[in-house]
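Asker: Pasting entry_16.pdb here (PDB, C-alpha atoms):
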ATOM      1  CA  MET A   1     111.449 251.768 -74.946
ATOM      2  CA  SER A   2     107.910 252.653 -74.113
ATOM      3  CA  SER A   3     106.913 248.987 -74.044
ATOM      4  CA  MET A   4     109.637 248.250 -71.434
ATOM      5  CA  ARG A   5     108.378 251.069 -69.249
ATOM      6  CA  SER A   6     104.843 249.844 -69.460
ATOM      7  CA  ARG A   7     105.923 246.283 -68.549
ATOM      8  CA  SER A   8     107.820 247.407 -65.506
ATOM      9  CA  ARG A   9     104.813 249.396 -64.402
ATOM     10  CA  LEU A  10     102.471 246.562 -65.136
ATOM     11  CA  GLY A  11     104.733 243.933 -63.579
ATOM     12  CA  ALA A  12     105.049 245.806 -60.316
ATOM     13  CA  VAL A  13     102.781 244.702 -57.531
ATOM     14  CA  PRO A  14     100.945 247.546 -55.872
ATOM     15  CA  PRO A  15     101.831 247.888 -52.186
ATOM     16  CA  SER A  16      99.245 246.633 -49.763
ATOM     17  CA  ALA A  17      97.589 248.869 -47.214
ATOM     18  CA  ALA A  18      99.429 247.099 -44.363
ATOM     19  CA  ALA A  19     102.815 247.813 -45.962
ATOM     20  CA  ILE A  20     101.907 251.469 -46.432
ATOM     21  CA  ASN A  21     100.792 251.787 -42.782
ATOM     22  CA  ALA A  22     103.975 250.036 -41.525
ATOM     23  CA  ASN A  23     106.119 252.395 -43.576
ATOM     24  CA  LYS A  24     104.260 255.424 -42.168
ATOM     25  CA  VAL A  25     104.706 254.168 -38.581
ATOM     26  CA  HIS A  26     108.427 253.550 -39.133
ATOM     27  CA  THR A  27     108.890 257.013 -40.665
ATOM     28  CA  ALA A  28     106.910 258.645 -37.835
ATOM     29  CA  ALA A  29     109.005 256.852 -35.195
ATOM     30  CA  ALA A  30     112.239 257.967 -36.869
ATOM     31  CA  ALA A  31     110.971 261.540 -36.990
ATOM     32  CA  ALA A  32     110.049 261.392 -33.289
ATOM     33  CA  ILE A  33     113.543 260.248 -32.417
ATOM     34  CA  ILE A  34     115.127 263.052 -34.392
ATOM     35  CA  ILE A  35     112.714 265.755 -33.242
ATOM     36  CA  ALA A  36     112.490 264.761 -29.557
ATOM     37  CA  PRO A  37     114.361 267.242 -27.356
ATOM     38  CA  ARG A  38     117.351 265.944 -25.424
ATOM     39  CA  ASP A  39     117.268 265.975 -21.680
ATOM     40  CA  PRO A  40     120.400 267.915 -20.614
ATOM     41  CA  SER A  41     120.728 266.104 -17.278
ATOM     42  CA  PRO A  42     122.421 262.683 -17.277
ATOM     43  CA  PRO A  43     120.609 259.599 -16.015
ATOM     44  CA  ALA A  44     120.826 259.007 -12.278
ATOM     45  CA  HIS A  45     123.401 256.204 -12.621
ATOM     46  CA  VAL A  46     125.835 258.327 -14.673
ATOM     47  CA  THR A  47     128.147 260.662 -12.760
ATOM     48  CA  ARG A  48     129.732 263.626 -14.426
ATOM     49  CA  PRO A  49     133.471 264.104 -14.020
ATOM     50  CA  SER A  50     134.376 266.906 -11.684
ATOM     51  CA  ARG A  51     135.360 270.196 -13.262
ATOM     52  CA  GLU A  52     138.400 270.504 -10.961
ATOM     53  CA  PRO A  53     141.510 269.094 -12.636
ATOM     54  CA  PRO A  54     143.020 266.114 -10.813
ATOM     55  CA  LYS A  55     146.113 266.774  -8.758
ATOM     56  CA  MET A  56     149.255 265.122 -10.038
ATOM     57  CA  ALA A  57     151.766 265.929  -7.300
ATOM     58  CA  VAL A  58     150.978 267.194  -3.831
ATOM     59  CA  CYS A  59     154.588 267.944  -2.895
ATOM     60  CA  VAL A  60     157.751 268.624  -4.908
ATOM     61  CA  ALA A  61     161.124 268.949  -3.200
ATOM     62  CA  VAL A  62     164.683 269.625  -4.338
ATOM     63  CA  ILE A  63     167.260 268.468  -1.802
ATOM     64  CA  ALA A  64     170.931 269.477  -1.905
ATOM     65  CA  LYS A  65     173.826 267.013  -1.894
ATOM     66  CA  GLU A  66     174.275 267.672   1.832
ATOM     67  CA  ASN A  67     170.574 266.772   2.468
ATOM     68  CA  TYR A  68     169.138 270.214   3.192
ATOM     69  CA  PRO A  69     166.127 271.498   1.233
ATOM     70  CA  LEU A  70     166.717 273.880  -1.652
ATOM     71  CA  TYR A  71     163.051 274.046  -2.580
ATOM     72  CA  ILE A  72     159.822 272.527  -1.210
ATOM     73  CA  LYS A  73     156.335 273.281  -2.489
ATOM     74  CA  THR A  74     153.121 271.661  -1.265
ATOM     75  CA  ILE A  75     149.557 272.001  -2.481
ATOM     76  CA  PRO A  76     147.598 271.643   0.767
ATOM     77  CA  THR A  77     149.593 274.217   2.715
ATOM     78  CA  GLU A  78     147.983 273.157   5.985
ATOM     79  CA  ASN A  79     149.915 269.836   5.761
ATOM     80  CA  GLU A  80     153.255 271.417   4.907
ATOM     81  CA  LEU A  81     155.011 270.109   8.019
ATOM     82  CA  LYS A  82     153.770 266.587   7.267
ATOM     83  CA  PHE A  83     155.265 266.791   3.779
ATOM     84  CA  HIS A  84     158.572 268.102   5.147
ATOM     85  CA  TYR A  85     158.681 265.018   7.361
ATOM     86  CA  THR A  86     157.764 262.728   4.432
ATOM     87  CA  VAL A  87     160.514 264.213   2.259
ATOM     88  CA  HIS A  88     163.033 263.992   5.107
ATOM     89  CA  THR A  89     162.262 260.313   5.752
ATOM     90  CA  SER A  90     162.488 259.534   2.041
ATOM     91  CA  LEU A  91     166.143 260.637   2.021
ATOM     92  CA  ASP A  92     167.134 257.462   3.875
ATOM     93  CA  VAL A  93     165.558 255.351   1.130
ATOM     94  CA  VAL A  94     167.258 257.494  -1.536
ATOM     95  CA  GLU A  95     170.653 256.908   0.114
ATOM     96  CA  GLU A  96     169.993 253.152   0.258
ATOM     97  CA  LYS A  97     169.050 253.029  -3.416
ATOM     98  CA  ILE A  98     172.075 255.125  -4.453
ATOM     99  CA  SER A  99     174.459 252.860  -2.538
ATOM    100  CA  ALA A 100     172.794 249.719  -3.964
ATOM    101  CA  VAL A 101     173.200 251.076  -7.509
ATOM    102  CA  GLY A 102     176.877 251.814  -6.848
ATOM    103  CA  LYS A 103     177.533 248.255  -5.586
ATOM    104  CA  ALA A 104     175.620 246.525  -8.364
ATOM    105  CA  LEU A 105     177.386 248.541 -11.104
ATOM    106  CA  VAL A 106     174.092 249.049 -12.871
ATOM    107  CA  ASP A 107     173.784 251.643 -15.618
ATOM    108  CA  GLN A 108     174.905 254.885 -13.967
ATOM    109  CA  ARG A 109     172.870 256.982 -16.392
ATOM    110  CA  GLU A 110     169.604 255.835 -14.792
ATOM    111  CA  LEU A 111     168.751 258.756 -12.529
ATOM    112  CA  TYR A 112     165.144 257.778 -11.793
ATOM    113  CA  LEU A 113     164.902 255.841  -8.536
ATOM    114  CA  GLY A 114     161.230 254.930  -8.884
ATOM    115  CA  LEU A 115     158.815 254.441  -6.021
ATOM    116  CA  LEU A 116     160.681 255.025  -2.776
ATOM    117  CA  TYR A 117     157.857 253.977  -0.504
ATOM    118  CA  PRO A 118     154.071 254.137  -0.354
ATOM    119  CA  THR A 119     152.101 255.348   2.638
ATOM    120  CA  GLU A 120     148.397 255.080   3.300
ATOM    121  CA  ASP A 121     147.677 258.437   1.677
ATOM    122  CA  TYR A 122     150.670 259.093  -0.597
ATOM    123  CA  LYS A 123     153.296 257.557  -2.854
ATOM    124  CA  VAL A 124     156.819 258.964  -2.703
ATOM    125  CA  TYR A 125     159.040 258.898  -5.827
ATOM    126  CA  GLY A 126     162.711 259.804  -6.105
ATOM    127  CA  TYR A 127     165.284 260.986  -8.627
ATOM    128  CA  VAL A 128     168.945 261.850  -8.176
ATOM    129  CA  THR A 129     171.174 263.919 -10.469
ATOM    130  CA  ASN A 130     174.811 263.202 -11.318
ATOM    131  CA  THR A 131     175.784 265.878  -8.776
ATOM    132  CA  LYS A 132     173.799 264.020  -6.059
ATOM    133  CA  VAL A 133     171.005 266.605  -5.879
ATOM    134  CA  LYS A 134     167.793 264.759  -5.047
ATOM    135  CA  PHE A 135     164.297 265.386  -6.341
ATOM    136  CA  VAL A 136     161.335 263.995  -4.431
ATOM    137  CA  ILE A 137     157.757 264.018  -5.694
ATOM    138  CA  VAL A 138     154.877 263.008  -3.444
ATOM    139  CA  VAL A 139     151.702 261.895  -5.229
ATOM    140  CA  ASP A 140     148.253 261.262  -3.814
ATOM    141  CA  SER A 141     147.603 257.487  -3.581
ATOM    142  CA  SER A 142     144.055 257.913  -4.894
ATOM    143  CA  ASN A 143     145.442 259.072  -8.270
ATOM    144  CA  ILE A 144     145.570 255.682 -10.005
ATOM    145  CA  ALA A 145     145.652 257.220 -13.489
ATOM    146  CA  LEU A 146     149.233 258.426 -12.997
ATOM    147  CA  ARG A 147     151.659 256.004 -14.658
ATOM    148  CA  ASP A 148     155.382 255.451 -14.189
ATOM    149  CA  ASN A 149     156.198 257.105 -17.532
ATOM    150  CA  GLU A 150     154.331 260.246 -16.451
ATOM    151  CA  ILE A 151     156.322 260.339 -13.199
ATOM    152  CA  ARG A 152     159.562 260.010 -15.201
ATOM    153  CA  SER A 153     158.410 262.857 -17.445
ATOM    154  CA  MET A 154     157.709 265.022 -14.407
ATOM    155  CA  PHE A 155     161.224 264.367 -13.091
ATOM    156  CA  ARG A 156     162.758 265.183 -16.498
ATOM    157  CA  LYS A 157     160.901 268.511 -16.564
ATOM    158  CA  LEU A 158     161.985 269.213 -12.998
ATOM    159  CA  HIS A 159     165.611 268.361 -13.809
ATOM    160  CA  ASN A 160     165.587 270.581 -16.916
ATOM    161  CA  SER A 161     164.155 273.506 -14.947
ATOM    162  CA  TYR A 162     166.679 272.941 -12.164
ATOM    163  CA  THR A 163     169.442 273.015 -14.777
ATOM    164  CA  ASP A 164     168.083 276.334 -16.061
ATOM    165  CA  VAL A 165     168.224 277.710 -12.503
ATOM    166  CA  MET A 166     171.835 276.521 -12.132
ATOM    167  CA  CYS A 167     172.762 278.220 -15.431
ATOM    168  CA  ASN A 168     171.544 281.574 -14.135
ATOM    169  CA  PRO A 169     174.669 283.645 -13.415
ATOM    170  CA  PHE A 170     172.900 285.391 -10.519
ATOM    171  CA  TYR A 171     172.123 282.137  -8.658
ATOM    172  CA  ASN A 172     174.646 280.928  -6.095
ATOM    173  CA  PRO A 173     174.656 277.105  -5.957
ATOM    174  CA  GLY A 174     173.538 275.840  -2.586
ATOM    175  CA  GLU A 175     171.122 278.696  -1.899
ATOM    176  CA  VAL A 176     167.360 278.274  -1.660
ATOM    177  CA  ILE A 177     165.729 278.334  -5.119
ATOM    178  CA  GLU A 178     163.552 281.437  -5.485
ATOM    179  CA  SER A 179     163.136 281.502  -9.263
ATOM    180  CA  LYS A 180     159.618 282.456 -10.366
ATOM    181  CA  VAL A 181     160.014 280.476 -13.597
ATOM    182  CA  PHE A 182     160.967 277.364 -11.624
ATOM    183  CA  ASP A 183     158.076 277.918  -9.223
ATOM    184  CA  THR A 184     155.614 278.320 -12.114
ATOM    185  CA  MET A 185     156.840 275.083 -13.702
ATOM    186  CA  VAL A 186     156.437 273.213 -10.408
ATOM    187  CA  SER A 187     152.946 274.672  -9.929
ATOM    188  CA  GLY A 188     152.055 273.367 -13.390
ATOM    189  CA  MET A 189     153.189 269.885 -12.373
ATOM    190  CA  MET A 190     151.075 269.974  -9.276
ATOM    191  CA  ILE A 191     147.771 270.489 -11.082
ATOM    192  CA  GLN A 192     147.137 268.610 -14.297
ATOM    193  CA  VAL A 193     145.753 270.713 -17.122
ATOM    194  CA  CYS A 194     142.848 268.905 -18.761
TER     195      CYS A 194
END
Is it possible to express this structure as C-alpha cells?

Answerer:
Amino acid sequence: MSSMRSRSRLGAVPPSAAAINANKVHTAAAAAIIIAPRDPSPPAHVTRPSREPPKMAVCVAVIAKENYPLYIKTIPTENELKFHYTVHTSLDVVEEKISAVGKALVDQRELYLGLLYPTEDYKVYGYVTNTKVKFVIVVDSSNIALRDNEIRSMFRKLHNSYTDVMCNPFYNPGEVIESKVFDTMVSGMMIQVC
C-alpha cells in the first residue's frame, strides 16, 4: 500500500506558479462577488411596480328586471354620474343580446353576456340572471391583465352574493340593496388584493 501512495505522490506533477496565481485570482474574485454589498436601489432602466393594488372594476351595478338600479357602486366617486350614464346605456345592449339569445335558441344556461361595448376609457361587461336581473361591471381599459375568465369569476361571485341577499327574510325584493356583506364583497372586487 505504501508503494502505491508513494507512486501517486511521485507521479503527480507539481503545480506551476502561474496555475497557483490563477487559482488565487479566481478565488479572490469569487469572494469579492459574495462579499460585495448589494445596492438596494434598482438600476435606472428598471421600474418598481407600484405598491397600490391595481383596480379590477371601477363600477359595479345591479339592475332590476324593470331596468331601475338596485345597487351601484363606483370607485372614483367624482365620476359617479358618468358611470350611471354608462350603466344606463349598457342596458340597451343587454336587451339586444338577451333577445338575440332567445331567437337563436342557444344554451339558456349561459348567463354571461361578455363584453357589451368598449369606450375610450372603459370596458363594459354584462351578465343576466334567470329572473332577468342584470349585473354590469365597468373595468378600466388600461387594465390589460384582466382576462375573460376573471370577469366571469367576478360575475359568479356577484351572483352568489346577490342570491344571499335575496335569501335574507328581511329583504323585500325590488328594494335598493343595502346589505353590508354585499357591499364588502363588491368593494373587494373593485380593488385586487395582491

Asker: Please measure the separation of CA of Val176 in chain A and CA of His159 in chain A, giving the value in Å to one decimal.

Answerer: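 These two atoms are separated by 15.8 Å.
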
Asker: Quick one: axis-aligned box around all listed atoms of range 149-160 of chain A, 6 Å on every side, centre and edge lengths in Å to one decimal, written as JSON.

Answerer:
{"center_x": 160.0, "center_y": 263.8, "center_z": -15.3, "size_x": 23.3, "size_y": 25.5, "size_z": 16.5}

Asker: Phe135 in chain A: which residues within 7 Å, counting only C-alpha atoms, same-chain residues fewer than 5 positions away excluded, as a list in words?

Answerer: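 Result of the neighbour search: Ala61, Val62, Ile63, Gly126, Tyr127 and Val128 of chain A.
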
Asker: Between CA of Val58 in chain A and CA of Phe170 in chain A, what is the distance, to one decimal in Å?

Answerer: 29.3 Å

Asker: What does the distance from CA of Thr86 in chain A to CA of Asp164 in chain A come to in Å, to one decimal?

Answerer: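 So the two atoms, CA of Thr86 in chain A and CA of Asp164 in chain A, lie 26.7 Å apart.
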
Asker: Tell me which protein, DNA and RNA residues are within 10 Å of Ile177 in chain A, counting only C-alpha atoms, leaving out same-chain ones fewer than 5 positions away, and put them as a PyMOL selection string.

Answerer: chain A and resi 62+69-72+162+165-166+171-172+182-183

Asker: With only C-alpha atoms as the basis for distance, which of A:Leu113, A:Glu175, A:Asn149, A:Tyr68 is at the shortest distance from Ser99 in chain A?

Answerer: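 Checking each of A:Leu113, A:Glu175, A:Asn149, A:Tyr68 against Ser99 in chain A, counting only C-alpha atoms, the winner is A:Leu113.
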
Asker: Looking at A:Ser153, A:Thr163, A:Asn67, A:Thr119, which one is nearest to Phe83 in chain A, with distances taken over all atoms listed in the file?

Answerer: A:Thr119

Asker: Rank A:Val124, A:Val133, A:Met154, A:Leu146 by their smallest atom-to-atom distance to Ile98 in chain A, using all atoms listed in the file, and report the top residue only.

Answerer: A:Val133

Asker: Applying the PyMOL selection byres ((chain A and resi 93-95) around 10) to the file I just gave you, which residues come out? Please list them as a PDB file with C-alpha atoms, in the frame of the given file.

Answerer:
ATOM      1  CA  HIS A  88     163.033 263.992   5.107  1.00  0.00           C
ATOM      2  CA  THR A  89     162.262 260.313   5.752  1.00  0.00           C
ATOM      3  CA  SER A  90     162.488 259.534   2.041  1.00  0.00           C
ATOM      4  CA  LEU A  91     166.143 260.637   2.021  1.00  0.00           C
ATOM      5  CA  ASP A  92     167.134 257.462   3.875  1.00  0.00           C
ATOM      6  CA  GLU A  96     169.993 253.152   0.258  1.00  0.00           C
ATOM      7  CA  LYS A  97     169.050 253.029  -3.416  1.00  0.00           C
ATOM      8  CA  ILE A  98     172.075 255.125  -4.453  1.00  0.00           C
ATOM      9  CA  SER A  99     174.459 252.860  -2.538  1.00  0.00           C
ATOM     10  CA  ALA A 100     172.794 249.719  -3.964  1.00  0.00           C
ATOM     11  CA  VAL A 101     173.200 251.076  -7.509  1.00  0.00           C
ATOM     12  CA  LEU A 113     164.902 255.841  -8.536  1.00  0.00           C
ATOM     13  CA  GLY A 114     161.230 254.930  -8.884  1.00  0.00           C
ATOM     14  CA  LEU A 115     158.815 254.441  -6.021  1.00  0.00           C
ATOM     15  CA  LEU A 116     160.681 255.025  -2.776  1.00  0.00           C
ATOM     16  CA  TYR A 117     157.857 253.977  -0.504  1.00  0.00           C
ATOM     17  CA  TYR A 125     159.040 258.898  -5.827  1.00  0.00           C
ATOM     18  CA  GLY A 126     162.711 259.804  -6.105  1.00  0.00           C
ATOM     19  CA  TYR A 127     165.284 260.986  -8.627  1.00  0.00           C
ATOM     20  CA  VAL A 128     168.945 261.850  -8.176  1.00  0.00           C
ATOM     21  CA  LYS A 132     173.799 264.020  -6.059  1.00  0.00           C
ATOM     22  CA  LYS A 134     167.793 264.759  -5.047  1.00  0.00           C
ATOM     23  CA  PHE A 135     164.297 265.386  -6.341  1.00  0.00           C
ATOM     24  CA  VAL A 136     161.335 263.995  -4.431  1.00  0.00           C
TER      25      VAL A 136
END
